[in-house]
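Everything on this sheet refers to the single structure shown next.
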Amino acid sequence: MAAAEPLIRVENLVKHFVVRLGAFGEVGATVHALDDVNFDIMEGETLSLVGESGCGKSTTGFTLLNLHKATSGKVMFEGENIVSLDEKRMRPYRRQLQIVFQDPYSTLNPRMTVGEAVGEPILFHRLATKVELPERVARLLGDVGLPARFASRYPHELSGGQRQRVAIARALACEPKFIVCDEAISALDVSIQAQIINLLLDLQQKYRLTYLFIAHDLAVVRHISDRVGVMYLGRLAELATREQLFSNPLHPYTRALLSAVPEADPIIEKTRRRQILTGDVPSPLDPPAGCRFHTRCPIAMDVCRRVVPEWRDVGAGHHVACHAVGAVAPG
Amino acid sequence: MTAPAQDKPLLDVRGLTIEIDSRRGPAIIVDGIDLTVAKGETLGVVGESGCGKSLTMLSLVRLLPNKIRVKSGTADFAGRDLLKMSKAELREVRGGKVGFVFQDPMTSLNPVMRIGDQLAEPLIYHRNLSKAEAKDKAIELLRLVGIPAPEKRIGAYPHELSGGMRQRVMIAIGLACDPELLIADEPTTALDVTIQAQIVDLVRELRAKLGMSVVWITHDLALIAGLADRVAVLYAGTVVEDAPVDELFARPGHPYTRGLLASIPKLTDERTARLASIGGTPPEPGRRPAGCPFAPRCTLSEAICHERVPALEPLGTPTHRVACWVAQRQIREAA
């Protein structure tokens, strides 16, 4: 379970992308991908970020690992603000902070065998000699449930589930403390998804890993998370333990999101009343003033159109950014 | 709900077999599928990637890609075989009595054509409307699928719309000529859940209003729970189970269906609880094993499963059919 000390502390993290629009790129515009995001990740826990496309959940993962340069804000890891480091000074931290992507087919080099792909980070970080390498690779493949003979295969010879196992083995290769799983199981078939979820849970226990799990499938998130953060249009709307978030969602967006998720039960589905949001997510090029959800919020008030709601703890670490919360639900 | 049994189904697919030219010669990828859809019924077709669910539906409107063809079978639609129609007859049916919604609107909408013109095209062709009438109807259709300010939107190009909007336009095109049958192939898979909920709601509402039959193809069992009257589960190119939706979720008969249902995370699970998972991977299309295609992954498989293909037969009730030697034997022993 989670310890009291955060492994990673994210403070006021902001990421804006400048894009050129117009036929000749003559118009500069700013994409507000991430604005003023604050959260801690505890050692050994799984913190999930959910939200719809463009909400900034993947940008959070990238910026946090210093793969995108943060516009402002801090990410504290082992006493260092890692987002301020250049690539050379970042290198010792890279080993400990890993990422697994959605599509292993585009992240694994098609010309490298599985053994080479898994062995590369080990040699790069000088964690083993070339002589020791085959044994290390075999052990890592064993960890992810693949036979050692797979080391000589190429990515195209593997199924989607097997490729994702290789990507996980590669992330594990340099003995990281922390892994960002960016939609790591989203592209897999249901029966394979369950295998990979079980694998991630087993590895977490075995190596005391901390996960930032980025996903849009709330059923999966509900299964594997300790805490869950809900993002909307570049901001965190709510963050709570999974029990709190799923049984007592406070933010109107969280409620709408949960109500949109179908349950695999025809009896429940026939009787449940959905809260259907109208409209689409506004453009992050020109996010609404005040609360970014106010254009679709069923309970929006006048203040929501003017003032950005404060990110506050309403009790026992349950954070929410909504003007209406507190007025209706005592902390 | 399900139509009475004496009614002739609107769509009756029998023994549909599809083959592909591979380097090793022709290979069967859909093997003798039987499907029926009653009038006003929604059939959910569920299966994982490569099970043949999309090809089955594409074959019905004769849109199979090169090197893939129907080898045998019939598809009776309102008394005529879709698979034997002439091109002229097909044109009448496609986009007319049978509407189609594909998964990815970005590749199925014409990028250089205004959406109003794309909507008007089938109306002018199938319904002989004038351009002005077609325009009015196009606006009405866009309003029906919940697009705000439709009189402005008809002049927009697909790239100017969001993903959810484009998918609505696809649905509007599928519905343009009041089809008797709407075939929707993973129409919400690329969409966010709140938009998916809007689209599902819309299809439910339109189905009630227009009385059409729907075939909804998906890999998402939870989605189908609230949408379908009946569900057909496909595995490796065969129907392994076919049952009314309540029956399927309450009493899944095929080990594959049971495995799929068990691998969905539940509300009541403990965080550290292991999910039930199905070991192994589905066979590659065209490399199906002898006997039951699921036998190599099945924990209950017996000698016969690896030798002979089980037939899709009633399990307990006539409307619940399962292709499994073990399930059939168990039900016989219990009787």
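Please note that chains go A, B, ... in the order of the structure tokens, that every chain numbers its residues from 1, and that ligands are numbered from 1 in the order shown.
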query = Looking only at the backbone, which of the residues in region 39-209 of chain A does DSSP tag as strand (DSSP E), as a list of chain:residue names?
reply =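 The residues of region 39-209 of chain A classed as strand (DSSP E) are A:Phe39, A:Asp40, A:Ile41, A:Met42, A:Thr46, A:Leu47, A:Ser48, A:Leu49, A:Val50, A:Ser72, A:Gly73, A:Lys74, A:Val75, A:Met76, A:Phe77, A:Glu80, A:Asn81, A:Leu97, A:Gln98, A:Ile99, A:Val100, A:Phe178, A:Ile179, A:Val180, A:Cys181, A:Asp182.
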Dump of C-alpha atoms for the selected residues, as a PDB file, in the first residue's frame:
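Written file, out_32.pdb:
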ATOM      1  CA  PHE A  39      -0.774  16.431  -7.031  1.00  0.00           C
ATOM      2  CA  ASP A  40       1.472  13.999  -5.154  1.00  0.00           C
ATOM      3  CA  ILE A  41       2.269  10.453  -6.114  1.00  0.00           C
ATOM      4  CA  MET A  42       2.959   8.260  -3.099  1.00  0.00           C
ATOM      5  CA  THR A  46      -1.116   3.588  -8.470  1.00  0.00           C
ATOM      6  CA  LEU A  47      -2.431   7.017  -9.269  1.00  0.00           C
ATOM      7  CA  SER A  48      -4.644   7.160 -12.337  1.00  0.00           C
ATOM      8  CA  LEU A  49      -5.469  10.146 -14.478  1.00  0.00           C
ATOM      9  CA  VAL A  50      -8.690   9.930 -16.448  1.00  0.00           C
ATOM     10  CA  SER A  72       6.345  26.591 -15.532  1.00  0.00           C
ATOM     11  CA  GLY A  73       5.909  24.731 -12.273  1.00  0.00           C
ATOM     12  CA  LYS A  74       7.867  22.029 -10.503  1.00  0.00           C
ATOM     13  CA  VAL A  75       8.100  18.262 -10.403  1.00  0.00           C
ATOM     14  CA  MET A  76      10.022  17.214  -7.309  1.00  0.00           C
ATOM     15  CA  PHE A  77      11.675  13.765  -7.322  1.00  0.00           C
ATOM     16  CA  GLU A  80      15.383  17.677  -7.308  1.00  0.00           C
ATOM     17  CA  ASN A  81      13.074  19.691  -9.541  1.00  0.00           C
ATOM     18  CA  LEU A  97      11.452   7.065 -14.404  1.00  0.00           C
ATOM     19  CA  GLN A  98      10.075   4.998 -17.262  1.00  0.00           C
ATOM     20  CA  ILE A  99       7.092   5.066 -19.590  1.00  0.00           C
ATOM     21  CA  VAL A 100       5.039   2.441 -21.443  1.00  0.00           C
ATOM     22  CA  PHE A 178       8.264   4.820 -11.305  1.00  0.00           C
ATOM     23  CA  ILE A 179       6.465   3.940 -14.535  1.00  0.00           C
ATOM     24  CA  VAL A 180       4.016   6.071 -16.479  1.00  0.00           C
ATOM     25  CA  CYS A 181       1.555   3.759 -18.246  1.00  0.00           C
ATOM     26  CA  ASP A 182       0.184   5.971 -20.998  1.00  0.00           C
TER      27      ASP A 182
END
key: Non-local contacts of region 293-296 of chain B (7 Å; only C-alpha atoms; under 5 positions in same chain excluded) as a ChimeraX atom specification   = /B:236,288,301,305-306
Restricting the output to C-alpha atoms, write the selected residues as a tab-separated table (two decimals), in the first residue's frame.
chain	number	residue	atom	x	y	z
B	236	ALA	CA	-12.18	-16.83	-34.94
B	288	ARG	CA	-7.62	-21.80	-37.22
B	301	SER	CA	-11.52	-28.76	-23.53
B	305	CYS	CA	-13.04	-30.46	-28.92
B	306	HIS	CA	-9.72	-30.75	-30.75
Shell of 7 Å around Lys15 (chain A), only C-alpha atoms, local chain residues under 4 positions omitted, as a PyMOL selection string = chain A and resi 32-35+70-72
Selection export as a PDB file, in the first residue's frame, atoms kept: all heavy atoms:
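New file again_18.pdb:
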ATOM      1  N   HIS A  32      -3.544  25.646 -24.401  1.00  0.00           N
ATOM      2  CA  HIS A  32      -3.438  25.523 -22.945  1.00  0.00           C
ATOM      3  C   HIS A  32      -3.588  24.055 -22.576  1.00  0.00           C
ATOM      4  O   HIS A  32      -4.650  23.618 -22.164  1.00  0.00           O
ATOM      5  CB  HIS A  32      -4.512  26.365 -22.261  1.00  0.00           C
ATOM      6  CG  HIS A  32      -4.349  27.829 -22.519  1.00  0.00           C
ATOM      7  ND1 HIS A  32      -3.948  28.717 -21.553  1.00  0.00           N
ATOM      8  CD2 HIS A  32      -4.497  28.562 -23.654  1.00  0.00           C
ATOM      9  CE1 HIS A  32      -3.869  29.937 -22.071  1.00  0.00           C
ATOM     10  NE2 HIS A  32      -4.209  29.864 -23.349  1.00  0.00           N
ATOM     11  N   ALA A  33      -2.523  23.276 -22.784  1.00  0.00           N
ATOM     12  CA  ALA A  33      -2.615  21.829 -22.607  1.00  0.00           C
ATOM     13  C   ALA A  33      -2.716  21.452 -21.135  1.00  0.00           C
ATOM     14  O   ALA A  33      -3.371  20.476 -20.779  1.00  0.00           O
ATOM     15  CB  ALA A  33      -1.425  21.143 -23.247  1.00  0.00           C
ATOM     16  N   LEU A  34      -2.047  22.232 -20.278  1.00  0.00           N
ATOM     17  CA  LEU A  34      -1.964  21.894 -18.861  1.00  0.00           C
ATOM     18  C   LEU A  34      -1.853  23.189 -18.086  1.00  0.00           C
ATOM     19  O   LEU A  34      -0.973  23.990 -18.370  1.00  0.00           O
ATOM     20  CB  LEU A  34      -0.680  21.070 -18.663  1.00  0.00           C
ATOM     21  CG  LEU A  34      -0.632  20.022 -17.583  1.00  0.00           C
ATOM     22  CD1 LEU A  34      -1.735  19.012 -17.836  1.00  0.00           C
ATOM     23  CD2 LEU A  34       0.709  19.314 -17.650  1.00  0.00           C
ATOM     24  N   ASP A  35      -2.755  23.405 -17.135  1.00  0.00           N
ATOM     25  CA  ASP A  35      -2.717  24.649 -16.380  1.00  0.00           C
ATOM     26  C   ASP A  35      -2.820  24.387 -14.895  1.00  0.00           C
ATOM     27  O   ASP A  35      -3.815  23.835 -14.423  1.00  0.00           O
ATOM     28  CB  ASP A  35      -3.881  25.564 -16.823  1.00  0.00           C
ATOM     29  CG  ASP A  35      -3.425  26.574 -17.863  1.00  0.00           C
ATOM     30  OD1 ASP A  35      -2.297  27.088 -17.723  1.00  0.00           O
ATOM     31  OD2 ASP A  35      -4.179  26.823 -18.815  1.00  0.00           O
ATOM     32  N   ALA A  70       8.427  21.741 -19.437  1.00  0.00           N
ATOM     33  CA  ALA A  70       7.337  22.406 -18.729  1.00  0.00           C
ATOM     34  C   ALA A  70       7.420  23.916 -18.970  1.00  0.00           C
ATOM     35  O   ALA A  70       8.512  24.478 -19.038  1.00  0.00           O
ATOM     36  CB  ALA A  70       7.425  22.119 -17.237  1.00  0.00           C
ATOM     37  N   THR A  71       6.266  24.566 -19.121  1.00  0.00           N
ATOM     38  CA  THR A  71       6.238  26.018 -19.283  1.00  0.00           C
ATOM     39  C   THR A  71       6.565  26.684 -17.948  1.00  0.00           C
ATOM     40  O   THR A  71       7.330  27.636 -17.878  1.00  0.00           O
ATOM     41  CB  THR A  71       4.858  26.474 -19.788  1.00  0.00           C
ATOM     42  OG1 THR A  71       4.551  25.726 -20.972  1.00  0.00           O
ATOM     43  CG2 THR A  71       4.823  27.952 -20.104  1.00  0.00           C
ATOM     44  N   SER A  72       5.972  26.165 -16.873  1.00  0.00           N
ATOM     45  CA  SER A  72       6.345  26.591 -15.532  1.00  0.00           C
ATOM     46  C   SER A  72       5.890  25.530 -14.547  1.00  0.00           C
ATOM     47  O   SER A  72       5.194  24.575 -14.902  1.00  0.00           O
ATOM     48  CB  SER A  72       5.722  27.945 -15.206  1.00  0.00           C
ATOM     49  OG  SER A  72       4.317  27.837 -15.174  1.00  0.00           O
TER      50      SER A  72
END
message = Neighbouring residues of Val230 (chain A) were defined as those with any atom within 10 Å, considering only C-alpha atoms; residues of the same chain fewer than 5 positions away were excluded. Please report them as number ranges by chain.
response = A: 48-52, 55, 57, 235-240, 245, 251, 253-254, 257, 320
Save out the residues we just selected, N, CA, C and O atoms, as a compact mmCIF listing (two decimals), in the first residue's frame.
# COMPACT_ATOMS: atom_id res chain seq x y z
N SER A 48 -4.16 7.12 -10.96
CA SER A 48 -4.64 7.16 -12.34
C SER A 48 -5.10 8.55 -12.70
O SER A 48 -5.63 9.28 -11.85
N LEU A 49 -4.90 8.91 -13.95
CA LEU A 49 -5.47 10.15 -14.48
C LEU A 49 -6.45 9.75 -15.56
O LEU A 49 -6.11 9.00 -16.48
N VAL A 50 -7.68 10.23 -15.44
CA VAL A 50 -8.69 9.93 -16.45
C VAL A 50 -9.25 11.23 -17.01
O VAL A 50 -9.09 12.30 -16.43
N GLY A 51 -9.92 11.09 -18.12
CA GLY A 51 -10.49 12.25 -18.78
C GLY A 51 -10.56 11.94 -20.26
O GLY A 51 -10.06 10.92 -20.71
N GLU A 52 -11.21 12.83 -20.99
CA GLU A 52 -11.44 12.55 -22.40
C GLU A 52 -10.31 13.11 -23.26
O GLU A 52 -9.46 13.83 -22.78
N CYS A 55 -7.76 16.27 -22.73
CA CYS A 55 -7.92 16.83 -21.39
C CYS A 55 -6.57 17.11 -20.75
O CYS A 55 -6.49 17.76 -19.72
N LYS A 57 -4.22 14.59 -19.98
CA LYS A 57 -3.69 13.52 -19.14
C LYS A 57 -2.36 12.98 -19.66
O LYS A 57 -1.43 12.77 -18.89
N ARG A 235 -7.04 20.98 -16.84
CA ARG A 235 -7.00 21.18 -15.39
C ARG A 235 -7.50 19.92 -14.67
O ARG A 235 -8.31 19.18 -15.20
N LEU A 236 -7.03 19.77 -13.43
CA LEU A 236 -7.60 18.71 -12.60
C LEU A 236 -8.94 19.19 -12.06
O LEU A 236 -9.05 20.30 -11.56
N ALA A 237 -9.96 18.36 -12.19
CA ALA A 237 -11.28 18.70 -11.67
C ALA A 237 -11.47 18.10 -10.29
O ALA A 237 -12.07 18.71 -9.41
N GLU A 238 -10.94 16.88 -10.11
CA GLU A 238 -11.16 16.18 -8.84
C GLU A 238 -10.08 15.13 -8.67
O GLU A 238 -9.59 14.56 -9.64
N LEU A 239 -9.71 14.87 -7.41
CA LEU A 239 -8.76 13.81 -7.12
C LEU A 239 -9.12 13.20 -5.77
O LEU A 239 -9.33 13.93 -4.80
N ALA A 240 -9.24 11.88 -5.75
CA ALA A 240 -9.65 11.22 -4.50
C ALA A 240 -9.23 9.76 -4.54
O ALA A 240 -8.79 9.26 -5.57
N LEU A 245 -13.88 8.46 -5.02
CA LEU A 245 -14.21 9.00 -6.33
C LEU A 245 -15.39 8.27 -6.96
O LEU A 245 -16.26 8.88 -7.57
N HIS A 251 -17.40 16.54 -8.21
CA HIS A 251 -17.41 17.46 -9.34
C HIS A 251 -18.48 17.03 -10.35
O HIS A 251 -18.59 15.85 -10.66
N TYR A 253 -18.51 17.24 -13.46
CA TYR A 253 -17.94 16.53 -14.61
C TYR A 253 -17.66 15.07 -14.27
O TYR A 253 -17.95 14.18 -15.05
N THR A 254 -17.11 14.83 -13.07
CA THR A 254 -16.87 13.44 -12.65
C THR A 254 -18.17 12.65 -12.67
O THR A 254 -18.22 11.52 -13.14
N LEU A 257 -19.18 11.91 -16.19
CA LEU A 257 -18.27 10.92 -16.77
C LEU A 257 -18.63 9.52 -16.27
O LEU A 257 -18.74 8.57 -17.04
N VAL A 320 -11.04 18.88 -4.94
CA VAL A 320 -11.99 19.20 -6.00
C VAL A 320 -11.87 20.68 -6.35
O VAL A 320 -11.52 21.50 -5.50
Pull out every residue of chain A sitting within 7 Å of chain B, counting only C-alpha atoms, and send them as a PDB file with N, CA, C and O atoms, in the first residue's frame.
ATOM      1  N   GLU A  52     -11.209  12.832 -20.994  1.00  0.00           N
ATOM      2  CA  GLU A  52     -11.441  12.552 -22.399  1.00  0.00           C
ATOM      3  C   GLU A  52     -10.314  13.105 -23.259  1.00  0.00           C
ATOM      4  O   GLU A  52      -9.456  13.833 -22.780  1.00  0.00           O
ATOM      5  N   SER A  53     -10.330  12.768 -24.537  1.00  0.00           N
ATOM      6  CA  SER A  53      -9.238  13.207 -25.419  1.00  0.00           C
ATOM      7  C   SER A  53      -9.020  14.702 -25.307  1.00  0.00           C
ATOM      8  O   SER A  53      -9.967  15.477 -25.285  1.00  0.00           O
ATOM      9  N   ASP A 189      -7.189  -6.285 -26.884  1.00  0.00           N
ATOM     10  CA  ASP A 189      -8.488  -6.941 -26.774  1.00  0.00           C
ATOM     11  C   ASP A 189      -8.792  -7.279 -25.318  1.00  0.00           C
ATOM     12  O   ASP A 189      -7.877  -7.478 -24.517  1.00  0.00           O
ATOM     13  N   VAL A 190     -10.088  -7.369 -25.029  1.00  0.00           N
ATOM     14  CA  VAL A 190     -10.535  -7.557 -23.645  1.00  0.00           C
ATOM     15  C   VAL A 190      -9.816  -8.709 -22.940  1.00  0.00           C
ATOM     16  O   VAL A 190      -9.338  -8.565 -21.817  1.00  0.00           O
ATOM     17  N   SER A 191      -9.735  -9.867 -23.609  1.00  0.00           N
ATOM     18  CA  SER A 191      -9.163 -11.036 -22.925  1.00  0.00           C
ATOM     19  C   SER A 191      -7.668 -10.839 -22.670  1.00  0.00           C
ATOM     20  O   SER A 191      -7.112 -11.360 -21.708  1.00  0.00           O
ATOM     21  N   ALA A 194      -6.916  -8.087 -19.662  1.00  0.00           N
ATOM     22  CA  ALA A 194      -6.924  -8.634 -18.302  1.00  0.00           C
ATOM     23  C   ALA A 194      -5.578  -9.254 -17.962  1.00  0.00           C
ATOM     24  O   ALA A 194      -5.080  -9.107 -16.846  1.00  0.00           O
ATOM     25  N   GLN A 195      -4.950  -9.926 -18.943  1.00  0.00           N
ATOM     26  CA  GLN A 195      -3.625 -10.518 -18.693  1.00  0.00           C
ATOM     27  C   GLN A 195      -2.609  -9.437 -18.342  1.00  0.00           C
ATOM     28  O   GLN A 195      -1.813  -9.589 -17.412  1.00  0.00           O
ATOM     29  N   ASN A 198      -3.168  -7.843 -14.879  1.00  0.00           N
ATOM     30  CA  ASN A 198      -2.656  -8.744 -13.841  1.00  0.00           C
ATOM     31  C   ASN A 198      -1.133  -8.678 -13.764  1.00  0.00           C
ATOM     32  O   ASN A 198      -0.559  -8.650 -12.678  1.00  0.00           O
ATOM     33  N   ALA A 219     -13.597   1.520 -16.091  1.00  0.00           N
ATOM     34  CA  ALA A 219     -13.748   0.218 -15.435  1.00  0.00           C
ATOM     35  C   ALA A 219     -12.367  -0.321 -15.049  1.00  0.00           C
ATOM     36  O   ALA A 219     -12.179  -0.860 -13.959  1.00  0.00           O
ATOM     37  N   VAL A 220     -11.407  -0.158 -15.945  1.00  0.00           N
ATOM     38  CA  VAL A 220     -10.047  -0.607 -15.661  1.00  0.00           C
ATOM     39  C   VAL A 220      -9.426   0.241 -14.547  1.00  0.00           C
ATOM     40  O   VAL A 220      -8.820  -0.275 -13.608  1.00  0.00           O
ATOM     41  N   HIS A 223     -10.481  -0.630 -11.256  1.00  0.00           N
ATOM     42  CA  HIS A 223      -9.920  -1.893 -10.773  1.00  0.00           C
ATOM     43  C   HIS A 223      -8.524  -1.711 -10.193  1.00  0.00           C
ATOM     44  O   HIS A 223      -8.196  -2.316  -9.180  1.00  0.00           O
ATOM     45  N   ILE A 224      -7.671  -0.902 -10.834  1.00  0.00           N
ATOM     46  CA  ILE A 224      -6.262  -0.968 -10.449  1.00  0.00           C
ATOM     47  C   ILE A 224      -5.760   0.218  -9.626  1.00  0.00           C
ATOM     48  O   ILE A 224      -4.631   0.182  -9.157  1.00  0.00           O
ATOM     49  N   SER A 225      -6.557   1.270  -9.428  1.00  0.00           N
ATOM     50  CA  SER A 225      -6.003   2.482  -8.827  1.00  0.00           C
ATOM     51  C   SER A 225      -6.114   2.515  -7.312  1.00  0.00           C
ATOM     52  O   SER A 225      -7.043   1.960  -6.738  1.00  0.00           O
ATOM     53  N   LEU A 257     -19.180  11.908 -16.191  1.00  0.00           N
ATOM     54  CA  LEU A 257     -18.270  10.921 -16.771  1.00  0.00           C
ATOM     55  C   LEU A 257     -18.626   9.517 -16.269  1.00  0.00           C
ATOM     56  O   LEU A 257     -18.741   8.571 -17.045  1.00  0.00           O
ATOM     57  N   ALA A 260     -21.728   8.099 -17.750  1.00  0.00           N
ATOM     58  CA  ALA A 260     -21.660   7.744 -19.177  1.00  0.00           C
ATOM     59  C   ALA A 260     -21.061   6.364 -19.407  1.00  0.00           C
ATOM     60  O   ALA A 260     -21.174   5.807 -20.486  1.00  0.00           O
ATOM     61  N   VAL A 261     -20.402   5.806 -18.378  1.00  0.00           N
ATOM     62  CA  VAL A 261     -19.722   4.523 -18.559  1.00  0.00           C
ATOM     63  C   VAL A 261     -20.735   3.385 -18.507  1.00  0.00           C
ATOM     64  O   VAL A 261     -21.438   3.238 -17.519  1.00  0.00           O
ATOM     65  N   PRO A 262     -20.835   2.582 -19.567  1.00  0.00           N
ATOM     66  CA  PRO A 262     -21.794   1.479 -19.509  1.00  0.00           C
ATOM     67  C   PRO A 262     -21.324   0.368 -18.561  1.00  0.00           C
ATOM     68  O   PRO A 262     -20.134   0.108 -18.453  1.00  0.00           O
ATOM     69  N   GLU A 263     -22.265  -0.247 -17.858  1.00  0.00           N
ATOM     70  CA  GLU A 263     -21.968  -1.394 -17.002  1.00  0.00           C
ATOM     71  C   GLU A 263     -22.301  -2.672 -17.762  1.00  0.00           C
ATOM     72  O   GLU A 263     -23.309  -2.715 -18.485  1.00  0.00           O
ATOM     73  N   ALA A 264     -21.485  -3.705 -17.560  1.00  0.00           N
ATOM     74  CA  ALA A 264     -21.725  -4.959 -18.278  1.00  0.00           C
ATOM     75  C   ALA A 264     -22.844  -5.746 -17.607  1.00  0.00           C
ATOM     76  O   ALA A 264     -22.650  -6.859 -17.141  1.00  0.00           O
ATOM     77  N   ASP A 265     -24.017  -5.145 -17.528  1.00  0.00           N
ATOM     78  CA  ASP A 265     -25.152  -5.797 -16.889  1.00  0.00           C
ATOM     79  C   ASP A 265     -26.441  -5.218 -17.475  1.00  0.00           C
ATOM     80  O   ASP A 265     -26.791  -4.072 -17.215  1.00  0.00           O
ATOM     81  N   PRO A 266     -27.160  -6.036 -18.271  1.00  0.00           N
ATOM     82  CA  PRO A 266     -28.349  -5.517 -18.956  1.00  0.00           C
ATOM     83  C   PRO A 266     -29.430  -5.039 -17.990  1.00  0.00           C
ATOM     84  O   PRO A 266     -30.176  -4.111 -18.310  1.00  0.00           O
ATOM     85  N   GLU A 269     -28.384  -1.614 -16.833  1.00  0.00           N
ATOM     86  CA  GLU A 269     -28.439  -0.689 -17.954  1.00  0.00           C
ATOM     87  C   GLU A 269     -29.866  -0.280 -18.314  1.00  0.00           C
ATOM     88  O   GLU A 269     -30.106   0.829 -18.747  1.00  0.00           O
ATOM     89  N   LYS A 270     -30.816  -1.213 -18.143  1.00  0.00           N
ATOM     90  CA  LYS A 270     -32.190  -0.894 -18.521  1.00  0.00           C
ATOM     91  C   LYS A 270     -32.841   0.092 -17.564  1.00  0.00           C
ATOM     92  O   LYS A 270     -33.740   0.833 -17.939  1.00  0.00           O
ATOM     93  N   ILE A 276     -26.666  12.884 -19.357  1.00  0.00           N
ATOM     94  CA  ILE A 276     -25.970  13.055 -20.631  1.00  0.00           C
ATOM     95  C   ILE A 276     -25.522  14.504 -20.785  1.00  0.00           C
ATOM     96  O   ILE A 276     -26.327  15.422 -20.682  1.00  0.00           O
ATOM     97  N   LEU A 277     -24.229  14.678 -20.995  1.00  0.00           N
ATOM     98  CA  LEU A 277     -23.721  16.026 -21.222  1.00  0.00           C
ATOM     99  C   LEU A 277     -24.083  16.447 -22.633  1.00  0.00           C
ATOM    100  O   LEU A 277     -24.117  15.641 -23.540  1.00  0.00           O
TER     101      LEU A 277
END
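With only C-alpha atoms as the basis for measurement, B:Ile217 is the residue among B:Leu90, B:Met106, B:Ile217, B:Ala156 that approaches Thr56 (chain B) most closely.
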query = Leaving out Thr30 (chain A) and any residue of its chain fewer than 4 positions from it, which residues lie within 12 Å of it when counting only C-alpha atoms, given as a PyMOL selection string?
reply = chain A and resi 15-21+34+71+283-287
key: region 117-260 of chain B: residues DSSP assigns to alpha helix (DSSP H), reported as a PyMOL selection string   = chain B and resi 117-127+131-144+150-153+163-175+193-210+221-225+245-250+255-260
Go ahead and save the picked residues with C-alpha atoms, as a CSV table (one decimal), in the first residue's frame.
chain,number,residue,atom,x,y,z
B,117,ASP,CA,-23.8,17.6,-50.1
B,118,GLN,CA,-22.7,14.3,-48.7
B,119,LEU,CA,-26.0,14.0,-46.9
B,120,ALA,CA,-28.0,15.1,-49.9
B,121,GLU,CA,-26.4,12.6,-52.3
B,122,PRO,CA,-28.3,9.5,-51.1
B,123,LEU,CA,-31.5,11.5,-50.9
B,124,ILE,CA,-31.3,12.7,-54.5
B,125,TYR,CA,-30.2,9.3,-55.7
B,126,HIS,CA,-32.6,7.0,-53.7
B,127,ARG,CA,-35.5,9.3,-53.0
B,131,LYS,CA,-31.6,19.7,-54.6
B,132,ALA,CA,-33.6,22.1,-52.5
B,133,GLU,CA,-35.7,19.4,-50.9
B,134,ALA,CA,-32.5,17.4,-50.2
B,135,LYS,CA,-31.0,20.4,-48.6
B,136,ASP,CA,-34.0,20.8,-46.3
B,137,LYS,CA,-33.9,17.1,-45.4
B,138,ALA,CA,-30.2,17.3,-44.8
B,139,ILE,CA,-30.7,20.1,-42.3
B,140,GLU,CA,-33.5,18.1,-40.6
B,141,LEU,CA,-31.2,15.0,-40.4
B,142,LEU,CA,-28.4,17.0,-38.8
B,143,ARG,CA,-30.9,18.4,-36.3
B,144,LEU,CA,-32.2,14.9,-35.6
B,150,PRO,CA,-27.5,22.7,-38.7
B,151,GLU,CA,-28.3,25.3,-41.4
B,152,LYS,CA,-24.8,26.7,-40.9
B,153,ARG,CA,-23.1,23.3,-40.5
B,163,GLY,CA,-14.8,13.7,-33.9
B,164,GLY,CA,-18.2,13.4,-32.2
B,165,MET,CA,-19.8,15.7,-34.7
B,166,ARG,CA,-18.3,13.8,-37.6
B,167,GLN,CA,-19.6,10.5,-36.2
B,168,ARG,CA,-23.1,12.1,-35.9
B,169,VAL,CA,-22.8,13.1,-39.6
B,170,MET,CA,-22.0,9.5,-40.4
B,171,ILE,CA,-25.1,8.4,-38.5
B,172,ALA,CA,-27.2,11.0,-40.3
B,173,ILE,CA,-26.0,9.7,-43.6
B,174,GLY,CA,-26.7,6.1,-42.6
B,175,LEU,CA,-30.2,7.2,-41.6
B,193,VAL,CA,-17.4,8.1,-23.2
B,194,THR,CA,-19.6,11.2,-22.8
B,195,ILE,CA,-20.0,11.5,-26.5
B,196,GLN,CA,-20.5,7.7,-26.8
B,197,ALA,CA,-23.4,8.1,-24.3
B,198,GLN,CA,-24.9,10.8,-26.5
B,199,ILE,CA,-24.7,8.6,-29.6
B,200,VAL,CA,-26.0,5.5,-27.9
B,201,ASP,CA,-28.9,7.5,-26.6
B,202,LEU,CA,-29.6,8.9,-30.0
B,203,VAL,CA,-29.6,5.5,-31.7
B,204,ARG,CA,-32.0,4.2,-29.0
B,205,GLU,CA,-34.3,7.1,-29.6
B,206,LEU,CA,-34.2,6.8,-33.4
B,207,ARG,CA,-34.8,3.1,-33.3
B,208,ALA,CA,-37.9,3.6,-31.3
B,209,LYS,CA,-39.1,6.5,-33.5
B,210,LEU,CA,-38.3,4.8,-36.9
B,221,LEU,CA,-19.7,-6.1,-23.9
B,222,ALA,CA,-20.7,-3.4,-21.4
B,223,LEU,CA,-21.9,-1.2,-24.2
B,224,ILE,CA,-23.9,-4.0,-25.8
B,225,ALA,CA,-25.6,-4.8,-22.4
B,245,VAL,CA,-29.1,-10.1,-24.0
B,246,ASP,CA,-30.4,-10.8,-20.4
B,247,GLU,CA,-29.8,-14.6,-20.9
B,248,LEU,CA,-26.3,-14.1,-22.2
B,249,PHE,CA,-25.2,-12.0,-19.3
B,250,ALA,CA,-27.0,-14.1,-16.7
B,255,PRO,CA,-16.4,-20.9,-22.1
B,256,TYR,CA,-15.2,-18.0,-24.3
B,257,THR,CA,-18.2,-15.8,-23.4
B,258,ARG,CA,-17.8,-16.7,-19.8
B,259,GLY,CA,-14.1,-15.7,-20.0
B,260,LEU,CA,-14.9,-12.4,-21.7
